[in-house]
Amino acid sequence: MTDLAVPLRAKDTEPRSRDQVVLAGLLSLPTLFLIVLCLIPLFLLVQLSFAHREDGGLWRAGLELTQYRQLLNPQFLKVALFSFTLALTTAVISVALAFPVAYFISRMKRRAQITWLVGLLSTLSLSEVLIVFSFQVLLSGGGGLVKALVALGIMDSVHSLYPNFAAVMVCLVYLVLPYIILFLYPAMSQLDDDIPAAATTMGASPARAFLTVVAPMVKGPLLSAGLLVVIFTVGSYLTPLVLGRPQQWTVGILISNGAMTTGNLPLAAAQAVALVALMVGLLGLVRLLTRAGSPAS
């Protein structure tokens, strides 16, 4: 028995090792792709942030902290704080709207679910440029929305509804909402209908059961969705540039102006590195909160 078991075990391990080699080969290409398109540009960005700035928009390699000291500039801190506040507010509104929508879509019949999902996916085919300029036309004084509000007596006179903070916020929510609904849909589909039904039979209203039972069960996906919105909107460029005033410009516009207008590439690189570092810190915080709320902890 022992002599026969050894060859059989060797034959069993050969397909497994072959599958592992094939899997490693398949994963090597995406890994190389991420390294080339993510890590190498990030390395060059960090290197540029320590470079020495010269006149005429030029720079030479160095190891200076001058650019990072300028991050304490009150103007940059003010813009960065506004950008983070705008992104966080957009995240809260978007997740609050997407959460019940994704839940109710997941409870529809299969054909209705497919119709909704296809409709949401079709909205993603529109570019950000087209959406932003469509909002610009819609919110202008000659747009149909303003004329309808004047006809209904909601507005006293015809005037443009932009540039302002509300226009920027509404457009950003419109941009990210389909992504968040599609992101939350798989988690909503895996929820057991018996749990909120049991809470309802124990005296909880449907709204209370939804907020106190369903919401804690998907705490991790909700936090991840909020983080996704923050990452997507904290450095937004076109929307605040077109629909907002200079007071509503984000750090993305500040970085672009520093690189293209003043020609201070090392400072723009340092600002971008600081923004990436902030996002990495938020990602770590969300992971900690998600682990703290998991049953394994």
# chains A, B, ... in the order shown; residues from 1 in each chain; ligands from 1

$ residues_around --residues "Ala259 (chain A)" --least-positions-apart "6" --cutoff "8 Å" --atoms "only C-alpha atoms" --output "list in words"
Leu265, Leu267 and Ala268 of chain A

$ select_by_dssp --residues "region 91-282 of chain A" --states "alpha helix (DSSP H)" --output "number ranges by chain"
A: 91-106, 110-123, 128-139, 144-151, 165-189, 194-201, 206-209, 215-217, 219-233, 238-243, 251-260, 265-282

$ residues_around --residues "Asp156 (chain A)" --least-positions-apart "6" --cutoff "12 Å" --atoms "only C-alpha atoms" --output "ChimeraX atom specification"
/A:146-150

$ residues_around --residues "Ser83 (chain A)" --least-positions-apart "4" --cutoff "7 Å" --atoms "only C-alpha atoms" --output "PyMOL selection string"
chain A and resi 79+87+234+250-251

$ closest_residue --among "A:Thr239, A:Ser160, A:Asn257, A:Thr90" --to "Leu138 (chain A)" --atoms "only C-alpha atoms"
A:Ser160

$ residues_around --residues "region 41-55 of chain A" --least-positions-apart "2" --cutoff "10 Å" --atoms "only C-alpha atoms" --output "NGL selection string"
:A and (35-39 or 57-68 or 263-274 or 276)

$ atom_distance --atom1 "CA of Leu161 (chain A)" --atom2 "CA of Ser134 (chain A)"
13.2 Å

$ residues_around --residues "region 164-174 of chain A" --least-positions-apart "3" --cutoff "7 Å" --atoms "only C-alpha atoms" --output "list in words"
Thr90, Ser94, Val132, Leu177, Thr239, Pro240, Leu243, Gly244, Arg245 and Gln248 of chain A
